file query14.cif (mmCIF, C-alpha atoms)
data_data
#
loop_
_atom_site.label_atom_id
_atom_site.label_comp_id
_atom_site.auth_asym_id
_atom_site.auth_seq_id
_atom_site.Cartn_x
_atom_site.Cartn_y
_atom_site.Cartn_z
CA MET A 1 -14.28 38.54 -8.63
CA SER A 2 -15.53 35.57 -10.62
CA SER A 3 -17.53 32.86 -8.96
CA THR A 4 -14.73 30.48 -9.93
CA TYR A 5 -12.38 32.51 -7.77
CA ASP A 6 -14.83 32.38 -4.87
CA ARG A 7 -15.28 28.64 -5.23
CA LEU A 8 -11.49 28.17 -5.35
CA VAL A 9 -11.14 30.16 -2.13
CA GLY A 10 -13.97 28.05 -0.71
CA LEU A 11 -11.99 24.87 -1.43
CA LEU A 12 -8.90 26.34 0.23
CA THR A 13 -10.76 27.39 3.37
CA LYS A 14 -12.67 24.11 3.61
CA GLY A 15 -9.82 21.65 3.27
CA PHE A 16 -6.46 23.38 3.54
CA GLY A 17 -6.46 25.38 6.75
CA VAL A 18 -6.54 28.71 4.93
CA GLU A 19 -8.66 31.58 6.32
CA ALA A 20 -10.78 33.38 3.70
CA ASP A 21 -9.49 36.80 4.80
CA GLU A 22 -5.88 35.62 4.32
CA VAL A 23 -6.40 35.05 0.61
CA ALA A 24 -5.86 37.83 -1.93
CA PRO A 25 -6.07 37.52 -5.74
CA GLU A 26 -2.33 38.10 -6.11
CA ASN A 27 -1.36 35.39 -3.55
CA THR A 28 0.33 32.32 -4.95
CA PHE A 29 -0.24 28.81 -3.59
CA GLU A 30 3.30 29.03 -2.30
CA ASP A 31 2.38 32.21 -0.37
CA LEU A 32 -0.46 30.24 1.22
CA GLU A 33 2.05 27.54 2.24
CA LEU A 34 0.50 24.75 0.17
CA ASP A 35 3.14 22.04 -0.28
CA SER A 36 3.40 19.86 -3.39
CA LEU A 37 1.07 17.18 -1.98
CA ALA A 38 -1.48 19.84 -1.04
CA LEU A 39 -1.50 20.99 -4.67
CA VAL A 40 -2.33 17.43 -5.73
CA GLU A 41 -5.07 17.32 -3.10
CA LEU A 42 -6.42 20.65 -4.34
CA THR A 43 -6.29 19.40 -7.95
CA LEU A 44 -8.41 16.38 -6.96
CA ALA A 45 -10.84 18.55 -4.99
CA ALA A 46 -11.15 21.06 -7.86
CA GLN A 47 -11.91 18.25 -10.32
CA GLU A 48 -14.85 17.27 -8.12
CA GLU A 49 -16.00 20.82 -7.42
CA PHE A 50 -15.94 22.00 -11.04
CA GLY A 51 -16.61 18.67 -12.78
CA ILE A 52 -13.57 19.08 -15.05
CA PRO A 53 -10.51 16.90 -15.71
CA LEU A 54 -7.26 18.41 -14.41
CA THR A 55 -3.70 17.15 -14.85
CA ASP A 56 -0.91 17.50 -12.29
CA ASP A 57 0.48 20.31 -14.45
CA ASP A 58 -2.58 22.55 -14.39
CA LEU A 59 -2.06 24.12 -10.95
CA HIS A 60 1.41 25.32 -9.97
CA ALA A 61 2.88 26.50 -6.68
CA LYS A 62 3.73 29.84 -8.33
CA ASN A 63 0.22 30.44 -9.73
CA THR A 64 -1.66 33.36 -8.23
CA MET A 65 -5.29 32.78 -7.25
CA THR A 66 -6.35 34.88 -10.26
CA GLU A 67 -4.26 32.75 -12.60
CA ALA A 68 -5.55 29.51 -11.07
CA ALA A 69 -9.15 30.69 -11.41
CA GLY A 70 -8.34 31.49 -15.06
CA VAL A 71 -7.05 27.95 -15.64
CA LEU A 72 -10.22 26.51 -14.10
CA ASP A 73 -12.41 28.83 -16.21
CA ALA A 74 -10.64 27.83 -19.40
CA LYS A 75 -11.18 24.13 -18.60
CA GLN A 76 -14.86 24.71 -17.91
CA VAL A 77 -15.29 26.40 -21.27
CA THR A 78 -13.64 23.40 -22.95
CA VAL A 79 -15.95 21.00 -21.14
CA ARG A 80 -19.03 22.94 -22.20
CA MET B 81 -8.85 -27.56 18.33
CA SER B 82 -5.09 -27.05 18.41
CA GLY B 83 -3.26 -29.54 16.23
CA ALA B 84 -6.07 -29.81 13.74
CA ALA B 85 -6.07 -28.99 10.08
CA VAL B 86 -8.13 -25.98 9.05
CA ARG B 87 -11.80 -26.91 9.03
CA ARG B 88 -12.89 -27.55 5.46
CA VAL B 89 -16.36 -26.88 4.26
CA SER B 90 -16.87 -27.61 0.64
CA GLY B 91 -17.95 -24.41 -1.01
CA THR B 92 -17.12 -21.84 -3.56
CA ALA B 93 -15.84 -19.00 -1.41
CA ALA B 94 -12.53 -18.34 0.33
CA VAL B 95 -13.21 -17.51 3.96
CA LEU B 96 -10.77 -15.52 6.11
CA CYS B 97 -10.46 -17.45 9.40
CA GLY B 98 -7.15 -16.45 11.01
CA LEU B 99 -4.99 -13.31 11.37
CA GLY B 100 -1.46 -12.92 12.69
CA THR B 101 1.12 -10.12 12.61
CA TRP B 102 4.70 -9.45 13.58
CA LEU B 103 6.84 -6.33 13.93
CA PRO B 104 10.57 -6.30 14.59
CA PRO B 105 11.26 -4.92 18.08
CA HIS B 106 13.42 -1.89 17.19
CA ALA B 107 11.34 1.31 16.95
CA VAL B 108 12.66 4.38 15.13
CA THR B 109 10.91 7.64 16.02
CA ASN B 110 10.74 10.82 13.94
CA ASP B 111 13.14 12.42 16.42
CA ASP B 112 15.58 9.55 15.82
CA LEU B 113 15.46 10.32 12.08
CA ALA B 114 15.84 14.05 12.71
CA ARG B 115 19.16 13.39 14.44
CA GLU B 116 20.48 11.84 11.22
CA LEU B 117 18.67 13.65 8.40
CA ASP B 118 17.43 17.15 7.58
CA THR B 119 13.90 16.58 8.86
CA SER B 120 11.75 17.01 11.96
CA ASP B 121 8.87 15.38 13.79
CA ALA B 122 6.53 18.18 12.67
CA TRP B 123 7.63 17.92 9.01
CA ILE B 124 7.12 14.14 8.90
CA ARG B 125 3.81 14.22 10.76
CA SER B 126 2.30 16.98 8.63
CA ARG B 127 3.25 15.30 5.36
CA THR B 128 2.67 11.65 6.21
CA GLY B 129 0.91 11.25 9.57
CA ILE B 130 3.67 8.86 10.64
CA GLY B 131 5.23 8.95 14.11
CA THR B 132 7.18 5.69 14.45
CA ARG B 133 8.32 2.79 12.32
CA PHE B 134 10.02 -0.51 13.16
CA ILE B 135 13.28 -1.66 11.62
CA ALA B 136 14.53 -5.24 11.40
CA ALA B 137 17.88 -6.14 12.98
CA PRO B 138 20.69 -6.83 10.48
CA SER B 139 20.36 -10.56 11.11
CA THR B 140 16.60 -10.54 10.41
CA ALA B 141 15.36 -11.13 6.84
CA THR B 142 11.88 -11.02 5.32
CA SER B 143 11.39 -14.77 5.86
CA ASP B 144 11.98 -14.34 9.59
CA LEU B 145 9.20 -11.74 9.80
CA ALA B 146 6.95 -13.87 7.56
CA VAL B 147 7.43 -17.00 9.68
CA GLU B 148 6.48 -15.16 12.88
CA ALA B 149 3.34 -13.66 11.31
CA GLY B 150 2.45 -16.98 9.66
CA ARG B 151 2.81 -18.87 12.94
CA ARG B 152 0.46 -16.43 14.62
CA ALA B 153 -2.09 -16.58 11.81
CA LEU B 154 -2.17 -20.38 12.03
CA LYS B 155 -2.66 -20.12 15.79
CA SER B 156 -5.45 -17.59 15.28
CA ALA B 157 -7.11 -20.05 12.86
CA GLU B 158 -6.52 -22.87 15.38
CA ALA B 159 -4.70 -24.87 12.75
CA ASP B 160 -1.24 -26.32 12.30
CA SER B 161 -1.42 -27.11 8.62
CA VAL B 162 -2.59 -25.51 5.37
CA ASP B 163 -2.49 -26.69 1.76
CA ALA B 164 -0.52 -23.79 0.24
CA VAL B 165 1.50 -20.68 1.12
CA VAL B 166 1.42 -17.46 -0.91
CA LEU B 167 3.86 -14.75 0.16
CA ALA B 168 3.61 -11.16 -1.07
CA THR B 169 6.91 -9.30 -0.88
CA THR B 170 9.11 -6.82 -2.72
CA THR B 171 12.06 -7.67 -0.50
CA PRO B 172 12.60 -11.45 -0.75
CA ASP B 173 15.49 -12.98 1.20
CA HIS B 174 17.31 -13.50 -2.13
CA PRO B 175 16.59 -12.70 -5.81
CA CYS B 176 16.41 -16.50 -6.25
CA PRO B 177 14.73 -18.69 -5.04
CA ALA B 178 11.36 -17.42 -3.85
CA THR B 179 11.06 -16.92 -0.08
CA ALA B 180 7.71 -18.73 0.42
CA PRO B 181 9.08 -22.32 0.27
CA LEU B 182 11.56 -21.52 3.05
CA VAL B 183 8.77 -19.95 5.11
CA ALA B 184 6.56 -23.01 4.57
CA ALA B 185 9.38 -25.31 5.65
CA GLN B 186 10.16 -23.26 8.75
CA LEU B 187 6.49 -23.35 9.71
CA GLY B 188 6.57 -27.14 9.45
CA LEU B 189 4.07 -27.19 6.62
CA GLY B 190 5.91 -29.89 4.66
CA THR B 191 5.90 -29.94 0.88
CA VAL B 192 2.88 -27.77 0.18
CA PRO B 193 2.95 -25.48 -2.87
CA ALA B 194 4.57 -22.19 -1.88
CA PHE B 195 5.45 -19.19 -4.02
CA ASP B 196 5.99 -15.43 -3.93
CA VAL B 197 3.76 -12.79 -5.49
CA GLY B 198 5.21 -9.43 -6.51
CA ALA B 199 2.85 -6.47 -6.68
CA VAL B 200 4.76 -4.11 -4.38
CA CYS B 201 2.36 -2.42 -1.93
CA THR B 202 -0.65 -4.11 -3.55
CA GLY B 203 1.04 -7.48 -2.97
CA PHE B 204 -1.18 -8.57 -0.10
CA LEU B 205 -4.37 -8.14 -2.14
CA TYR B 206 -2.85 -9.90 -5.16
CA ALA B 207 -1.79 -12.75 -2.86
CA LEU B 208 -5.23 -12.83 -1.26
CA ALA B 209 -6.87 -13.10 -4.69
CA THR B 210 -4.35 -15.80 -5.67
CA GLY B 211 -5.10 -17.74 -2.49
CA ALA B 212 -8.82 -17.46 -3.15
CA GLY B 213 -8.15 -18.74 -6.67
CA LEU B 214 -6.30 -21.80 -5.35
CA ILE B 215 -9.35 -22.56 -3.24
CA ALA B 216 -11.82 -21.92 -6.06
CA THR B 217 -9.99 -24.33 -8.37
CA GLY B 218 -9.77 -27.03 -5.72
CA THR B 219 -5.97 -26.82 -5.69
CA ALA B 220 -6.11 -26.13 -1.96
CA GLY B 221 -8.70 -26.32 0.78
CA SER B 222 -6.83 -23.79 2.88
CA VAL B 223 -4.10 -21.23 2.16
CA LEU B 224 -1.74 -19.18 4.31
CA VAL B 225 -1.45 -15.72 2.71
CA ILE B 226 1.42 -13.60 4.03
CA GLY B 227 2.50 -10.04 3.31
CA ALA B 228 6.04 -9.36 4.55
CA ASP B 229 8.56 -6.68 3.71
CA THR B 230 11.90 -5.39 4.95
CA TYR B 231 12.05 -2.04 3.15
CA SER B 232 14.81 -0.82 5.46
CA ARG B 233 17.13 -2.94 3.27
CA ILE B 234 16.27 -1.08 0.04
CA LEU B 235 15.95 2.52 1.30
CA ASP B 236 18.59 5.09 0.42
CA PRO B 237 20.09 6.09 3.79
CA ALA B 238 20.24 9.71 2.56
CA ASP B 239 16.61 9.89 1.30
CA ARG B 240 14.63 11.59 4.03
CA SER B 241 11.27 11.13 2.33
CA THR B 242 11.33 7.34 1.90
CA ARG B 243 13.10 6.77 5.21
CA ALA B 244 10.35 8.71 6.99
CA ILE B 245 7.62 6.68 5.35
CA PHE B 246 8.63 3.01 5.31
CA GLY B 247 8.96 0.47 8.09
CA ASP B 248 9.43 -3.31 8.26
CA GLY B 249 6.77 -5.84 9.26
CA ALA B 250 4.66 -8.84 8.37
CA GLY B 251 1.04 -9.89 8.50
CA ALA B 252 -0.75 -13.06 7.50
CA VAL B 253 -4.22 -14.51 7.14
CA VAL B 254 -5.53 -18.03 6.74
CA LEU B 255 -8.13 -18.65 4.04
CA ARG B 256 -10.27 -21.78 3.93
CA SER B 257 -12.91 -23.10 1.59
CA GLY B 258 -16.39 -22.15 2.69
CA GLY B 259 -19.73 -20.65 1.79
CA ALA B 260 -20.21 -17.22 0.25
CA ASP B 261 -22.68 -16.24 2.99
CA GLU B 262 -20.31 -16.96 5.87
CA PRO B 263 -18.67 -14.12 7.80
CA GLY B 264 -15.14 -13.71 6.42
CA ALA B 265 -16.06 -14.85 2.89
CA LEU B 266 -14.16 -12.76 0.36
CA GLY B 267 -16.14 -10.98 -2.32
CA PRO B 268 -14.81 -10.99 -5.89
CA PRO B 269 -11.40 -9.28 -5.73
CA VAL B 270 -10.91 -6.23 -7.95
CA LEU B 271 -7.35 -6.00 -9.32
CA GLY B 272 -5.68 -3.76 -11.87
CA SER B 273 -2.35 -2.61 -13.25
CA ASP B 274 -0.92 0.13 -15.46
CA GLY B 275 2.62 -0.52 -16.64
CA THR B 276 2.82 2.87 -18.33
CA GLY B 277 3.52 4.11 -14.79
CA SER B 278 6.20 1.52 -14.08
CA ASP B 279 8.84 4.23 -13.61
CA LEU B 280 6.99 5.95 -10.75
CA ILE B 281 7.94 3.40 -8.06
CA THR B 282 11.18 1.52 -8.66
CA VAL B 283 14.28 -0.27 -7.52
CA ARG B 284 16.05 0.35 -10.81
CA SER B 285 19.09 -1.89 -10.61
CA GLY B 286 19.57 -5.51 -9.68
CA GLY B 287 17.36 -7.10 -12.34
CA SER B 288 17.93 -8.22 -15.95
CA ARG B 289 17.64 -4.66 -17.33
CA GLU B 290 20.39 -3.36 -15.11
CA PRO B 291 22.30 -6.08 -13.26
CA LEU B 292 24.34 -4.97 -10.28
CA HIS B 293 27.35 -7.18 -11.03
CA THR B 294 30.25 -5.69 -12.91
CA THR B 295 31.16 -8.56 -15.23
CA GLY B 296 29.76 -8.17 -18.73
CA PRO B 297 26.69 -10.11 -19.81
CA ILE B 298 27.11 -13.60 -21.20
CA GLY B 299 26.75 -14.07 -24.97
CA THR B 300 27.69 -10.59 -26.12
CA GLY B 301 31.39 -11.12 -26.50
CA ASP B 302 31.59 -8.54 -23.78
CA GLY B 303 32.33 -10.76 -20.88
CA GLY B 304 31.61 -14.05 -19.24
CA ASP B 305 35.28 -14.81 -18.62
CA ALA B 306 36.47 -14.74 -15.08
CA GLY B 307 38.17 -11.48 -14.32
CA ASP B 308 36.70 -9.69 -17.32
CA THR B 309 35.08 -6.46 -16.20
CA ASN B 310 32.40 -4.51 -17.94
CA ASP B 311 33.47 -1.18 -19.33
CA ALA B 312 30.68 0.93 -17.95
CA GLY B 313 31.33 3.76 -20.44
CA ASP B 314 28.53 6.31 -20.22
CA ALA B 315 26.11 3.93 -18.50
CA PRO B 316 24.44 5.50 -15.46
CA GLN B 317 25.58 4.44 -12.01
CA PRO B 318 23.58 1.49 -10.73
CA ASP B 319 20.86 2.49 -8.26
CA PRO B 320 19.98 -0.32 -5.85
CA TYR B 321 17.57 1.82 -3.84
CA PHE B 322 13.81 2.21 -3.74
CA ARG B 323 12.62 5.41 -5.46
CA MET B 324 9.20 6.97 -5.60
CA ALA B 325 7.84 9.95 -7.56
CA GLY B 326 5.80 11.33 -4.68
CA LYS B 327 3.34 13.67 -6.39
CA ALA B 328 2.33 11.37 -9.22
CA VAL B 329 2.12 8.41 -6.85
CA PHE B 330 -0.08 10.37 -4.46
CA ARG B 331 -2.62 11.18 -7.12
CA ASN B 332 -2.65 7.72 -8.71
CA ALA B 333 -3.00 6.12 -5.28
CA VAL B 334 -6.02 8.23 -4.39
CA GLU B 335 -7.83 7.72 -7.67
CA ARG B 336 -7.08 4.00 -8.06
CA MET B 337 -7.87 3.00 -4.47
CA ALA B 338 -11.11 4.99 -4.43
CA ASP B 339 -12.27 3.64 -7.78
CA ALA B 340 -11.29 0.01 -6.97
CA SER B 341 -13.04 0.27 -3.60
CA LEU B 342 -16.24 1.56 -5.17
CA THR B 343 -16.14 -1.28 -7.72
CA ALA B 344 -15.57 -3.91 -5.01
CA ALA B 345 -18.42 -2.44 -2.95
CA ARG B 346 -20.74 -2.48 -5.94
CA ARG B 347 -19.87 -6.11 -6.68
CA ALA B 348 -20.67 -6.95 -3.07
CA GLY B 349 -24.02 -5.19 -3.45
CA TRP B 350 -23.08 -2.37 -1.05
CA GLU B 351 -23.77 1.35 -1.26
CA VAL B 352 -21.09 3.69 0.10
CA ALA B 353 -23.23 4.23 3.21
CA ASP B 354 -23.10 0.46 3.84
CA ILE B 355 -19.29 0.44 4.15
CA ASP B 356 -18.48 0.20 7.87
CA ARG B 357 -14.69 0.10 7.47
CA LEU B 358 -12.30 0.86 4.63
CA VAL B 359 -8.99 -0.72 5.58
CA ALA B 360 -6.62 0.83 3.07
CA HIS B 361 -2.93 0.28 2.45
CA GLN B 362 -1.29 2.55 5.02
CA ALA B 363 0.66 4.67 2.54
CA ASN B 364 0.20 8.14 3.96
CA LEU B 365 -2.51 9.68 6.15
CA ARG B 366 -3.26 12.34 3.57
CA ILE B 367 -3.82 9.65 0.94
CA LEU B 368 -6.22 7.81 3.28
CA HIS B 369 -8.19 11.00 3.85
CA ALA B 370 -8.26 11.87 0.15
CA VAL B 371 -9.51 8.35 -0.72
CA ALA B 372 -12.32 8.64 1.83
CA ASP B 373 -13.23 12.13 0.58
CA ARG B 374 -13.32 10.99 -3.04
CA MET B 375 -15.62 8.11 -2.07
CA ARG B 376 -17.73 10.44 0.12
CA LEU B 377 -17.05 8.09 3.00
CA PRO B 378 -16.63 9.59 6.49
CA ARG B 379 -12.90 9.65 7.25
CA HIS B 380 -13.38 7.95 10.63
CA ARG B 381 -14.41 4.77 8.83
CA CYS B 382 -10.81 4.37 7.60
CA PRO B 383 -8.77 2.84 10.44
CA VAL B 384 -5.32 4.40 10.80
CA HIS B 385 -2.28 2.41 11.86
CA LEU B 386 0.54 4.13 9.97
CA ASP B 387 1.08 6.63 12.80
CA GLN B 388 2.55 3.73 14.81
CA VAL B 389 4.29 1.59 12.17
CA GLY B 390 4.72 3.67 9.00
CA ASN B 391 4.10 2.19 5.58
CA THR B 392 4.93 -1.51 5.85
CA ALA B 393 4.30 -2.25 2.15
CA ALA B 394 2.79 -5.72 1.63
CA ALA B 395 2.27 -6.12 5.38
CA SER B 396 0.21 -2.98 5.92
CA ILE B 397 -3.32 -4.33 5.42
CA PRO B 398 -3.09 -7.32 7.80
CA LEU B 399 -1.26 -5.11 10.33
CA ALA B 400 -3.99 -2.46 10.09
CA LEU B 401 -6.72 -5.12 10.36
CA SER B 402 -5.12 -6.59 13.45
CA HIS B 403 -4.69 -3.20 15.11
CA ALA B 404 -8.26 -2.15 14.29
CA ALA B 405 -9.66 -5.43 15.63
CA ALA B 406 -7.53 -5.28 18.78
CA THR B 407 -8.67 -1.71 19.54
CA GLY B 408 -12.35 -2.37 18.85
CA ARG B 409 -12.39 -0.26 15.68
CA LEU B 410 -13.22 -3.37 13.64
CA THR B 411 -15.78 -5.79 15.00
CA PRO B 412 -17.45 -8.98 13.73
CA GLY B 413 -20.13 -8.22 11.16
CA HIS B 414 -18.55 -4.98 9.93
CA ARG B 415 -18.88 -4.62 6.17
CA THR B 416 -15.21 -4.18 5.40
CA LEU B 417 -13.38 -3.12 2.26
CA LEU B 418 -9.67 -3.75 1.79
CA THR B 419 -7.83 -1.65 -0.77
CA ALA B 420 -4.25 -1.05 -1.84
CA PHE B 421 -2.09 0.68 -4.42
CA GLY B 422 1.54 0.10 -5.26
CA GLY B 423 4.36 0.01 -7.77
CA GLY B 424 3.71 -1.50 -11.15
CA LEU B 425 1.51 0.39 -11.03
CA THR B 426 -0.89 -2.01 -9.34
CA TRP B 427 -4.04 -1.66 -7.28
CA GLY B 428 -6.86 -3.72 -5.85
CA ALA B 429 -9.81 -3.98 -3.50
CA CYS B 430 -11.83 -6.74 -1.87
CA ALA B 431 -14.98 -6.84 0.26
CA LEU B 432 -15.74 -9.07 3.22
CA ARG B 433 -17.91 -9.14 6.31
CA TRP B 434 -15.48 -9.15 9.22
CA PRO B 435 -15.51 -12.57 10.95
CA ALA B 436 -15.28 -13.40 14.66
CA LEU B 437 -11.63 -14.26 15.22
CA THR B 438 -8.81 -13.47 17.61
CA PRO B 439 -5.82 -11.79 15.94
CA MET B 440 -2.53 -13.08 17.28
#
call {"tool": "encode", "arguments": {"input": "query14.cif", "output": "structure tokens"}}
result
Amino acid sequence: MSSTYDRLVGLLTKGFGVEADEVAPENTFEDLELDSLALVELTLAAQEEFGIPLTDDDLHAKNTMTEAAGVLDAKQVTVR
Amino acid sequence: MSGAAVRRVSGTAAVLCGLGTWLPPHAVTNDDLARELDTSDAWIRSRTGIGTRFIAAPSTATSDLAVEAGRRALKSAEADSVDAVVLATTTPDHPCPATAPLVAAQLGLGTVPAFDVGAVCTGFLYALATGAGLIATGTAGSVLVIGADTYSRILDPADRSTRAIFGDGAGAVVLRSGGADEPGALGPPVLGSDGTGSDLITVRSGGSREPLHTTGPIGTGDGGDAGDTNDAGDAPQPDPYFRMAGKAVFRNAVERMADASLTAARRAGWEVADIDRLVAHQANLRILHAVADRMRLPRHRCPVHLDQVGNTAAASIPLALSHAAATGRLTPGHRTLLTAFGGGLTWGACALRWPALTPM
């Protein structure tokens, strides 16, 4: 798994009451019971963690962890 | 010192020297709401942190709450007169006139200048800055600044999200002219707005864009005569209720309050570690936590009051200050930041060293 994926899981375990061993690459945010406000909170936390600008539309409840890590990777490439 | 005017020291700063609050007596718990709406105590607590809110009786209007809070603030300042009254509210007694003159009259303040300020949930900070401005220009030596709202009158009875969040209440402070080094002296207020987000927090109907009355507008040949009714055609139904786009508001609130607070701290010459208390508009517990996290400020430095009263709009900052002071969470000398975010969009922040006073 990419380090972006690991850091995303790190954010979820640190601030969102998710256990690391509960998270699988094919899980969606919805599966992990993140509500709409939690997605906004995660978006803000990810901006800080990765140093990238994110809009409210970048992370969706139906994104899998793999897809979300892909979105974050793409943004980091753009920033570089 | 009862019966005296507020002590006046000629100076350039506005000094906070009195604090009073008022809540209507009727409490509504989450379980009360759950009996009426599809919601639960657990749902409301996990999303907002709110447990109870207070609702004004049908006979009670915003001015009634404002008068009670104002009376207590004057008592706290040991004064029975001020030179001006500034009232922040989104829920005035009537669309016209402003509510502040009535409040001033009912407080026995005579013919002092009195006016309303509208900045929704940022209203108290806008009013505070306005009051400080009246002092800085020499217009007034002392100002009663009130935040009062009766949101229960503009909430959609069927909207479980806004009904869970908002409560009624009022809070007031007295400002007087003084020195910038005194405890209670306000630092330079930081204010901002972004009208491109004006549709995120609204009461859509009832203004000039969408009047609530059914007669056609004057001067269009479409009405004005008694008995003539407006043919609504395809026009949308009027919406007299308060609406909020939760997700977008959440994010804007976090970013704007954190950034304004950091700017206000910097202008006061404080590092983040110097901030003893961040008294933020009590919008939502998760917003308060996210603001603290973004500022890298320990969460426990943000006093929480919304669990007991909900989001009281323009009243929330003085209510939170009073509660924090009464419970020992805010003590004289604390380097204190006030911050708020609201419809408009609007936001603001202000720094002060907490003064020795007795909230009433």
call {"tool": "residues_around", "arguments": {"input": "query14.cif", "residues": "region 316-325 of chain B", "least_positions_apart": "6", "cutoff": "9 Å", "atoms": "all atoms listed in the file", "output": "PyMOL selection string"}}
result
chain B and resi 231+233-236+242+279-286+290-292+423
call {"tool": "interface_residues", "arguments": {"input": "query14.cif", "of": "chain A", "to": "chain B", "cutoff": "7 Å", "atoms": "all atoms listed in the file", "output": "number ranges by chain"}}
result
A: 36-37, 40
call {"tool": "residues_around", "arguments": {"input": "query14.cif", "residues": "Thr230 (chain B)", "least_positions_apart": "2", "cutoff": "10 Å", "atoms": "all atoms listed in the file", "output": "MDAnalysis selection string"}}
result
chainID B and resid 104 134:136 140:143 145 169:173 228 232:235 246:250 392:395
call {"tool": "closest_residue", "arguments": {"input": "query14.cif", "among": "A:Ser3, A:Ala74, A:Thr55, A:Phe16", "to": "Asp35 (chain A)", "atoms": "only C-alpha atoms"}}
result
A:Phe16
call {"tool": "atom_distance", "arguments": {"input": "query14.cif", "atom1": "CA of Val253 (chain B)", "atom2": "CA of Gly150 (chain B)"}}
result
7.5 Å
call {"tool": "atom_distance", "arguments": {"input": "query14.cif", "atom1": "CA of Ala220 (chain B)", "atom2": "CA of Ala164 (chain B)"}}
result
6.4 Å
call {"tool": "residues_near_point", "arguments": {"input": "query14.cif", "point": "(4.8, -17.8, 6.0)", "cutoff": "6 Å", "atoms": "only C-alpha atoms", "output": "NGL selection string"}}
result
:B and (146-147 or 150 or 183-184 or 226)
call {"tool": "atom_distance", "arguments": {"input": "query14.cif", "atom1": "CA of Leu399 (chain B)", "atom2": "CA of Asp118 (chain B)"}}
result
29.2 Å
call {"tool": "closest_residue", "arguments": {"input": "query14.cif", "among": "A:Pro25, A:Lys75, A:Leu59, A:Glu30", "to": "Leu44 (chain A)", "atoms": "only C-alpha atoms"}}
result
A:Leu59
call {"tool": "residues_around", "arguments": {"input": "query14.cif", "residues": "region 343-347 of chain B", "least_positions_apart": "6", "cutoff": "8 Å", "atoms": "only C-alpha atoms", "output": "ChimeraX atom specification"}}
result
/B:267-270,355,417,429-431
call {"tool": "decode", "arguments": {"input": "query14.cif", "residues": "region 66-79 of chain A", "atoms": "C-alpha atoms", "output": "PDB file, in the first residue's frame"}}
result
ATOM      1  CA  THR A  66      -7.943   3.230  -2.324  1.00  0.00           C
ATOM      2  CA  GLU A  67      -9.863   5.791  -4.353  1.00  0.00           C
ATOM      3  CA  ALA A  68      -9.450   8.459  -1.671  1.00  0.00           C
ATOM      4  CA  ALA A  69      -5.707   7.806  -1.470  1.00  0.00           C
ATOM      5  CA  GLY A  70      -5.645   8.166  -5.271  1.00  0.00           C
ATOM      6  CA  VAL A  71      -7.364  11.569  -5.067  1.00  0.00           C
ATOM      7  CA  LEU A  72      -4.843  12.718  -2.455  1.00  0.00           C
ATOM      8  CA  ASP A  73      -1.921  11.437  -4.562  1.00  0.00           C
ATOM      9  CA  ALA A  74      -3.165  13.252  -7.642  1.00  0.00           C
ATOM     10  CA  LYS A  75      -3.424  16.515  -5.676  1.00  0.00           C
ATOM     11  CA  GLN A  76       0.093  16.098  -4.324  1.00  0.00           C
ATOM     12  CA  VAL A  77       1.457  15.653  -7.831  1.00  0.00           C
ATOM     13  CA  THR A  78      -0.310  18.859  -8.883  1.00  0.00           C
ATOM     14  CA  VAL A  79       1.164  20.743  -5.945  1.00  0.00           C
TER      15      VAL A  79
END
